[in-house]
Amino acid sequence: MTHAHVHIIACGGTIAGKAESEKELIGYKAGKLTIEELLQSVPEVTEYADITGEQFCNMDSTNMTEDLWLRLARCVEAAADRADVDGIVITHGTDTMEETAYFLNLVVHSRKPIVMVGSMRPATALSADGPLNLLDAVHIAACRQAGEYGVLVAMNGRICGARSVEKTDTTHVDTFRSRQMGYMGIIQNGIPYFYQQSLRRHTYLSQLSCQGITKLPAVCIVYCYVGMSPALIRAAVASGVQGIVTAGLGHGKIPEAVLKELKIAAQQGIVTVCTSRTLGGIVSTTEDDSGFFRIAGDNLPAHKAKIVLQLALLQTRDPNTLQQFFDLY
Ligand SMILES: NC(=O)CC[C@H](N)C(=O)O
């Protein structure tokens with residue numbers, strides 16, 4: 001049987017992390033091992049696929065930037081366009097993995113498997129979770145069917161979709177979940193099993209794109225809480241944002257004084273997208289008596305709604321048209 005060719009794009013994170021001792025699970029440096037060293041820790045990968053690798057960056061994903069996202073999207077797309085590549089694995093720090101996964105899910109227009117993977121324990125730890133996670137990710141990327149479901153996150157035996165995946169625990173290995181929508185699949189003993197897929201547009205069906213873009217539109221997130229100052233909105237406007245995503249209360253509610261500032265911002269063409277800090281349920285469209293139209297972020301968390309808004313703003317600034325993107329993606 002001929003092997004699938006899986007190309008690994010390495011970005012760093014804890015999976016490439018090193019600590020002073022094998023007992024040290026927190027005080028370590030992320031992004032230290034190279035892709036070659038990572039692969040040495042799990043030589044079994046070559047039994048299941050022909051592996052090539054490239055070091056895209058080697059960093060703590062806390063410092064991921066939108067500029068790197070644009071470059072990474074091009075790198076992934078270039079790999080996916082290669083006739084000799086069947087699937088792609090991206091190793092990445094877990095802190096921003098859900099954002100990178102969703103960004104790539106929207107802008108990489110490929111039907112080949114794209115699987116993101118990381119670890120919660122550094123490579124030097126007792127019971128490091130990286131090697132098995134990496135082996136699992138390679139198995140999934142070698143499985144043609146996996147390309148149907150958009151960008152996937154494979155961690156701790158679970159397969160999550162990019163739209164719904166969330167990091168739910170600061171340090172535990174069982175941190176990546178899809179609490180609202182459930183896992184897309186499970187990987188057991190090297191075999192991926194799929195149970196569901198997202199009906200929201202992604203990868204080969206996505207009409208969002210960052211092609212030819214050197215900078216994403218500036219959008220910020222404002223978290224709502226008792227005692228918040230409307231000055232936060234004025235500061236955001238002064239910083240030059242084109243849009244503001246609110247992580248609102250309950251059904252996306254925003255304190256009156258803050259809402260007033262958002263209405264003023266709207267007069268300058270700055271759009272507001274409402275999400276909820278509850279991280280569960282849907283925020284639906286609301287228009288108040290003054291005709292101030294707030295875009296509804298659906299059931300996306302603020303940091304994912306921000307990505308949709310940034311990509312949609314590349315195509316339109318009309319709030320009603322922007323809303324349609326949130327209904328589709
Ligand atoms: N478990 C991790 O990967 C977290 C380590 C680091 N902060 C990162 O995201 O790269």
# chains A, B, ... in the order shown; residues from 1 in each chain; ligands from 1
$ residues_near_ligand --ligand "ligand 1" --cutoff "12 Å" --atoms "only C-alpha atoms and all ligand atoms" --output "ChimeraX atom specification"
/A:10-18,25-32,57-64,91-100,116-123,128-130,155,167-176
$ write_last_selection --atoms "C-alpha atoms" --output "mmCIF file, in the first residue's frame"
data_model
loop_
_atom_site.group_PDB
_atom_site.id
_atom_site.type_symbol
_atom_site.label_atom_id
_atom_site.label_comp_id
_atom_site.auth_asym_id
_atom_site.auth_seq_id
_atom_site.Cartn_x
_atom_site.Cartn_y
_atom_site.Cartn_z
ATOM 1 C CA ALA A 10 5.831 23.525 12.706
ATOM 2 C CA CYS A 11 5.031 26.681 14.660
ATOM 3 C CA GLY A 12 6.288 25.861 18.167
ATOM 4 C CA GLY A 13 4.228 25.755 21.376
ATOM 5 C CA THR A 14 4.475 23.362 24.307
ATOM 6 C CA ILE A 15 4.718 20.378 21.989
ATOM 7 C CA ALA A 16 8.154 21.822 21.173
ATOM 8 C CA GLY A 17 8.686 22.971 24.778
ATOM 9 C CA LYS A 18 11.599 22.193 27.079
ATOM 10 C CA LEU A 25 4.956 20.817 33.828
ATOM 11 C CA ILE A 26 4.495 24.587 34.002
ATOM 12 C CA GLY A 27 7.861 26.348 34.200
ATOM 13 C CA TYR A 28 9.116 25.529 30.709
ATOM 14 C CA LYS A 29 9.969 27.363 27.518
ATOM 15 C CA ALA A 30 7.605 26.802 24.591
ATOM 16 C CA GLY A 31 8.929 26.639 21.038
ATOM 17 C CA LYS A 32 12.403 25.212 21.651
ATOM 18 C CA CYS A 57 8.262 29.639 13.188
ATOM 19 C CA ASN A 58 9.159 28.375 16.668
ATOM 20 C CA MET A 59 7.334 30.398 19.261
ATOM 21 C CA ASP A 60 5.051 30.568 22.233
ATOM 22 C CA SER A 61 1.695 31.043 20.527
ATOM 23 C CA THR A 62 0.885 33.775 23.057
ATOM 24 C CA ASN A 63 2.880 35.958 20.678
ATOM 25 C CA MET A 64 1.062 34.907 17.503
ATOM 26 C CA THR A 91 2.030 21.980 15.219
ATOM 27 C CA HIS A 92 1.124 25.060 17.258
ATOM 28 C CA GLY A 93 0.931 26.377 20.810
ATOM 29 C CA THR A 94 -2.421 25.702 22.396
ATOM 30 C CA ASP A 95 -3.140 29.163 23.811
ATOM 31 C CA THR A 96 -4.172 30.617 20.460
ATOM 32 C CA MET A 97 -4.722 27.371 18.565
ATOM 33 C CA GLU A 98 -8.486 27.846 18.347
ATOM 34 C CA GLU A 99 -8.076 31.263 16.746
ATOM 35 C CA THR A 100 -5.441 30.148 14.242
ATOM 36 C CA MET A 116 -3.698 21.325 14.039
ATOM 37 C CA VAL A 117 -1.999 19.734 17.005
ATOM 38 C CA GLY A 118 -0.113 20.698 20.131
ATOM 39 C CA SER A 119 0.386 19.429 23.641
ATOM 40 C CA MET A 120 -0.221 20.508 27.198
ATOM 41 C CA ARG A 121 2.938 19.006 28.662
ATOM 42 C CA PRO A 122 6.367 19.961 27.354
ATOM 43 C CA ALA A 123 8.363 17.446 25.337
ATOM 44 C CA ALA A 128 4.407 14.094 27.622
ATOM 45 C CA ASP A 129 1.258 14.174 25.491
ATOM 46 C CA GLY A 130 2.930 15.620 22.376
ATOM 47 C CA MET A 155 -5.747 16.698 20.906
ATOM 48 C CA LYS A 167 -9.529 25.579 25.124
ATOM 49 C CA THR A 168 -11.340 24.980 28.394
ATOM 50 C CA ASP A 169 -8.616 24.320 30.955
ATOM 51 C CA THR A 170 -5.406 26.222 31.636
ATOM 52 C CA THR A 171 -3.111 23.225 32.046
ATOM 53 C CA HIS A 172 -4.954 19.883 31.896
ATOM 54 C CA VAL A 173 -4.306 17.593 28.921
ATOM 55 C CA ASP A 174 -8.069 17.245 28.404
ATOM 56 C CA THR A 175 -8.555 20.890 27.552
ATOM 57 C CA PHE A 176 -9.802 21.053 23.945
#
$ select_by_dssp --residues "stretch 86-153 of chain A" --states "helix (DSSP H, G or I)" --output "PDB file with N, CA and C atoms, in the first residue's frame"
ATOM      1  N   MET A  97      -4.464  28.354  19.622  1.00  0.00           N
ATOM      2  CA  MET A  97      -4.722  27.371  18.565  1.00  0.00           C
ATOM      3  C   MET A  97      -6.139  27.499  17.997  1.00  0.00           C
ATOM      4  N   GLU A  98      -7.117  27.786  18.868  1.00  0.00           N
ATOM      5  CA  GLU A  98      -8.486  27.846  18.347  1.00  0.00           C
ATOM      6  C   GLU A  98      -8.683  29.029  17.404  1.00  0.00           C
ATOM      7  N   GLU A  99      -7.960  30.115  17.653  1.00  0.00           N
ATOM      8  CA  GLU A  99      -8.076  31.263  16.746  1.00  0.00           C
ATOM      9  C   GLU A  99      -7.381  30.995  15.414  1.00  0.00           C
ATOM     10  N   THR A 100      -6.166  30.457  15.482  1.00  0.00           N
ATOM     11  CA  THR A 100      -5.441  30.148  14.242  1.00  0.00           C
ATOM     12  C   THR A 100      -6.230  29.127  13.424  1.00  0.00           C
ATOM     13  N   ALA A 101      -6.807  28.130  14.121  1.00  0.00           N
ATOM     14  CA  ALA A 101      -7.573  27.087  13.416  1.00  0.00           C
ATOM     15  C   ALA A 101      -8.763  27.713  12.680  1.00  0.00           C
ATOM     16  N   TYR A 102      -9.476  28.598  13.351  1.00  0.00           N
ATOM     17  CA  TYR A 102     -10.666  29.185  12.726  1.00  0.00           C
ATOM     18  C   TYR A 102     -10.275  30.137  11.587  1.00  0.00           C
ATOM     19  N   PHE A 103      -9.187  30.880  11.777  1.00  0.00           N
ATOM     20  CA  PHE A 103      -8.717  31.763  10.712  1.00  0.00           C
ATOM     21  C   PHE A 103      -8.389  30.942   9.456  1.00  0.00           C
ATOM     22  N   LEU A 104      -7.604  29.880   9.634  1.00  0.00           N
ATOM     23  CA  LEU A 104      -7.232  29.044   8.482  1.00  0.00           C
ATOM     24  C   LEU A 104      -8.464  28.365   7.884  1.00  0.00           C
ATOM     25  N   ASN A 105      -9.401  27.996   8.735  1.00  0.00           N
ATOM     26  CA  ASN A 105     -10.648  27.346   8.303  1.00  0.00           C
ATOM     27  C   ASN A 105     -11.440  28.249   7.343  1.00  0.00           C
ATOM     28  N   LEU A 106     -11.261  29.548   7.506  1.00  0.00           N
ATOM     29  CA  LEU A 106     -12.002  30.506   6.675  1.00  0.00           C
ATOM     30  C   LEU A 106     -11.237  30.930   5.423  1.00  0.00           C
ATOM     31  N   VAL A 107      -9.903  30.884   5.473  1.00  0.00           N
ATOM     32  CA  VAL A 107      -9.152  31.469   4.348  1.00  0.00           C
ATOM     33  C   VAL A 107      -8.362  30.476   3.494  1.00  0.00           C
ATOM     34  N   GLY A 130       2.643  15.202  23.747  1.00  0.00           N
ATOM     35  CA  GLY A 130       2.930  15.620  22.376  1.00  0.00           C
ATOM     36  C   GLY A 130       3.111  14.493  21.372  1.00  0.00           C
ATOM     37  N   PRO A 131       3.972  13.500  21.686  1.00  0.00           N
ATOM     38  CA  PRO A 131       4.240  12.472  20.673  1.00  0.00           C
ATOM     39  C   PRO A 131       2.983  11.747  20.195  1.00  0.00           C
ATOM     40  N   LEU A 132       2.109  11.318  21.127  1.00  0.00           N
ATOM     41  CA  LEU A 132       0.904  10.612  20.698  1.00  0.00           C
ATOM     42  C   LEU A 132      -0.045  11.557  19.954  1.00  0.00           C
ATOM     43  N   ASN A 133      -0.155  12.794  20.440  1.00  0.00           N
ATOM     44  CA  ASN A 133      -1.006  13.758  19.724  1.00  0.00           C
ATOM     45  C   ASN A 133      -0.522  13.941  18.286  1.00  0.00           C
ATOM     46  N   LEU A 134       0.817  14.021  18.127  1.00  0.00           N
ATOM     47  CA  LEU A 134       1.381  14.218  16.789  1.00  0.00           C
ATOM     48  C   LEU A 134       1.118  12.997  15.905  1.00  0.00           C
ATOM     49  N   LEU A 135       1.302  11.818  16.484  1.00  0.00           N
ATOM     50  CA  LEU A 135       1.039  10.588  15.721  1.00  0.00           C
ATOM     51  C   LEU A 135      -0.441  10.557  15.295  1.00  0.00           C
ATOM     52  N   ASP A 136      -1.334  10.891  16.224  1.00  0.00           N
ATOM     53  CA  ASP A 136      -2.773  10.928  15.899  1.00  0.00           C
ATOM     54  C   ASP A 136      -3.056  11.924  14.768  1.00  0.00           C
ATOM     55  N   ALA A 137      -2.433  13.092  14.869  1.00  0.00           N
ATOM     56  CA  ALA A 137      -2.675  14.135  13.863  1.00  0.00           C
ATOM     57  C   ALA A 137      -2.227  13.665  12.484  1.00  0.00           C
ATOM     58  N   VAL A 138      -1.097  12.937  12.445  1.00  0.00           N
ATOM     59  CA  VAL A 138      -0.601  12.409  11.165  1.00  0.00           C
ATOM     60  C   VAL A 138      -1.594  11.386  10.606  1.00  0.00           C
ATOM     61  N   HIS A 139      -2.116  10.519  11.475  1.00  0.00           N
ATOM     62  CA  HIS A 139      -3.119   9.541  11.028  1.00  0.00           C
ATOM     63  C   HIS A 139      -4.337  10.263  10.419  1.00  0.00           C
ATOM     64  N   ILE A 140      -4.771  11.312  11.074  1.00  0.00           N
ATOM     65  CA  ILE A 140      -5.967  12.033  10.590  1.00  0.00           C
ATOM     66  C   ILE A 140      -5.658  12.732   9.264  1.00  0.00           C
ATOM     67  N   ALA A 141      -4.465  13.362   9.201  1.00  0.00           N
ATOM     68  CA  ALA A 141      -4.100  14.076   7.972  1.00  0.00           C
ATOM     69  C   ALA A 141      -3.908  13.121   6.795  1.00  0.00           C
ATOM     70  N   ARG A 144      -8.097  10.766   3.840  1.00  0.00           N
ATOM     71  CA  ARG A 144      -8.679  11.681   2.847  1.00  0.00           C
ATOM     72  C   ARG A 144     -10.010  12.290   3.298  1.00  0.00           C
ATOM     73  N   GLN A 145     -10.826  11.479   3.951  1.00  0.00           N
ATOM     74  CA  GLN A 145     -12.157  11.920   4.408  1.00  0.00           C
ATOM     75  C   GLN A 145     -12.067  13.148   5.328  1.00  0.00           C
ATOM     76  N   ALA A 146     -10.969  13.236   6.088  1.00  0.00           N
ATOM     77  CA  ALA A 146     -10.822  14.322   7.064  1.00  0.00           C
ATOM     78  C   ALA A 146     -10.832  15.698   6.395  1.00  0.00           C
ATOM     79  N   GLY A 147     -10.512  15.748   5.105  1.00  0.00           N
ATOM     80  CA  GLY A 147     -10.494  17.019   4.386  1.00  0.00           C
ATOM     81  C   GLY A 147     -11.874  17.605   4.154  1.00  0.00           C
ATOM     82  N   GLU A 148     -12.903  16.801   4.345  1.00  0.00           N
ATOM     83  CA  GLU A 148     -14.278  17.281   4.130  1.00  0.00           C
ATOM     84  C   GLU A 148     -14.735  18.245   5.224  1.00  0.00           C
ATOM     85  N   TYR A 149     -14.075  18.204   6.385  1.00  0.00           N
ATOM     86  CA  TYR A 149     -14.647  18.858   7.565  1.00  0.00           C
ATOM     87  C   TYR A 149     -13.995  20.171   7.961  1.00  0.00           C
TER      88      TYR A 149
END
$ select_by_dssp --residues "stretch 16-158 of chain A" --states "strand (DSSP E)" --output "VMD selection string"
chain A and resid 18 to 19 28 to 29 49 to 59 87 to 91 114 to 117 152 to 155 158
$ write_last_selection --atoms "N, CA and C atoms" --output "short mmCIF file (atom, residue, chain, number, x, y, z; two decimals), in the first residue's frame"
data_model
loop_
_atom_site.label_atom_id
_atom_site.label_comp_id
_atom_site.auth_asym_id
_atom_site.auth_seq_id
_atom_site.Cartn_x
_atom_site.Cartn_y
_atom_site.Cartn_z
N LYS A 18 10.55 22.85 26.30
CA LYS A 18 11.60 22.19 27.08
C LYS A 18 11.61 22.74 28.50
N ALA A 19 11.71 21.83 29.48
CA ALA A 19 11.85 22.25 30.89
C ALA A 19 13.15 21.70 31.45
N TYR A 28 8.32 26.00 31.85
CA TYR A 28 9.12 25.53 30.71
C TYR A 28 9.11 26.60 29.63
N LYS A 29 9.93 26.41 28.64
CA LYS A 29 9.97 27.36 27.52
C LYS A 29 9.33 26.70 26.30
N ALA A 49 2.93 7.26 7.16
CA ALA A 49 2.88 8.28 6.11
C ALA A 49 4.30 8.67 5.71
N ASP A 50 4.43 9.17 4.50
CA ASP A 50 5.70 9.79 4.11
C ASP A 50 5.65 11.20 4.67
N ILE A 51 6.66 11.52 5.45
CA ILE A 51 6.61 12.79 6.19
C ILE A 51 7.65 13.77 5.65
N THR A 52 7.20 15.00 5.43
CA THR A 52 8.15 16.09 5.23
C THR A 52 7.77 17.17 6.24
N GLY A 53 8.72 18.02 6.56
CA GLY A 53 8.41 19.04 7.55
C GLY A 53 9.06 20.36 7.21
N GLU A 54 8.47 21.43 7.68
CA GLU A 54 9.11 22.74 7.57
C GLU A 54 8.87 23.51 8.85
N GLN A 55 9.88 24.27 9.23
CA GLN A 55 9.78 25.09 10.43
C GLN A 55 9.26 26.46 10.01
N PHE A 56 7.98 26.71 10.25
CA PHE A 56 7.42 28.01 9.86
C PHE A 56 7.87 29.09 10.84
N CYS A 57 7.75 28.77 12.13
CA CYS A 57 8.26 29.64 13.19
C CYS A 57 8.45 28.72 14.40
N ASN A 58 9.02 29.22 15.48
CA ASN A 58 9.16 28.38 16.67
C ASN A 58 8.95 29.27 17.87
N MET A 59 7.68 29.37 18.29
CA MET A 59 7.33 30.40 19.26
C MET A 59 6.29 29.93 20.25
N GLY A 87 -2.00 15.58 2.88
CA GLY A 87 -2.59 16.17 4.08
C GLY A 87 -1.56 17.01 4.80
N ILE A 88 -2.04 17.90 5.66
CA ILE A 88 -1.15 18.84 6.34
C ILE A 88 -1.39 18.78 7.84
N VAL A 89 -0.30 18.75 8.59
CA VAL A 89 -0.38 18.86 10.06
C VAL A 89 0.32 20.16 10.45
N ILE A 90 -0.30 20.90 11.34
CA ILE A 90 0.33 22.14 11.83
C ILE A 90 0.53 21.99 13.33
N THR A 91 1.78 21.99 13.78
CA THR A 91 2.03 21.98 15.22
C THR A 91 2.02 23.43 15.69
N ILE A 114 -6.42 19.28 6.95
CA ILE A 114 -5.54 20.22 7.63
C ILE A 114 -5.80 20.02 9.12
N VAL A 115 -4.79 19.53 9.83
CA VAL A 115 -4.99 19.14 11.22
C VAL A 115 -4.02 19.90 12.12
N MET A 116 -4.56 20.61 13.10
CA MET A 116 -3.70 21.32 14.04
C MET A 116 -3.51 20.47 15.29
N VAL A 117 -2.30 20.55 15.83
CA VAL A 117 -2.00 19.73 17.01
C VAL A 117 -0.98 20.44 17.90
N LEU A 152 -9.15 20.93 11.37
CA LEU A 152 -9.46 20.16 12.58
C LEU A 152 -8.39 20.39 13.65
N VAL A 153 -8.78 20.19 14.89
CA VAL A 153 -7.84 20.23 16.01
C VAL A 153 -7.86 18.83 16.64
N ALA A 154 -6.70 18.20 16.68
CA ALA A 154 -6.62 16.84 17.23
C ALA A 154 -5.79 16.87 18.50
N MET A 155 -6.45 16.68 19.62
CA MET A 155 -5.75 16.70 20.91
C MET A 155 -6.39 15.67 21.82
N ARG A 158 -9.32 13.40 20.86
CA ARG A 158 -10.56 14.00 20.35
C ARG A 158 -10.28 14.79 19.09
#
$ atom_distance --atom1 "atom CA of A:Thr316" --atom2 "atom CA of A:Gly243"
12.0 Å
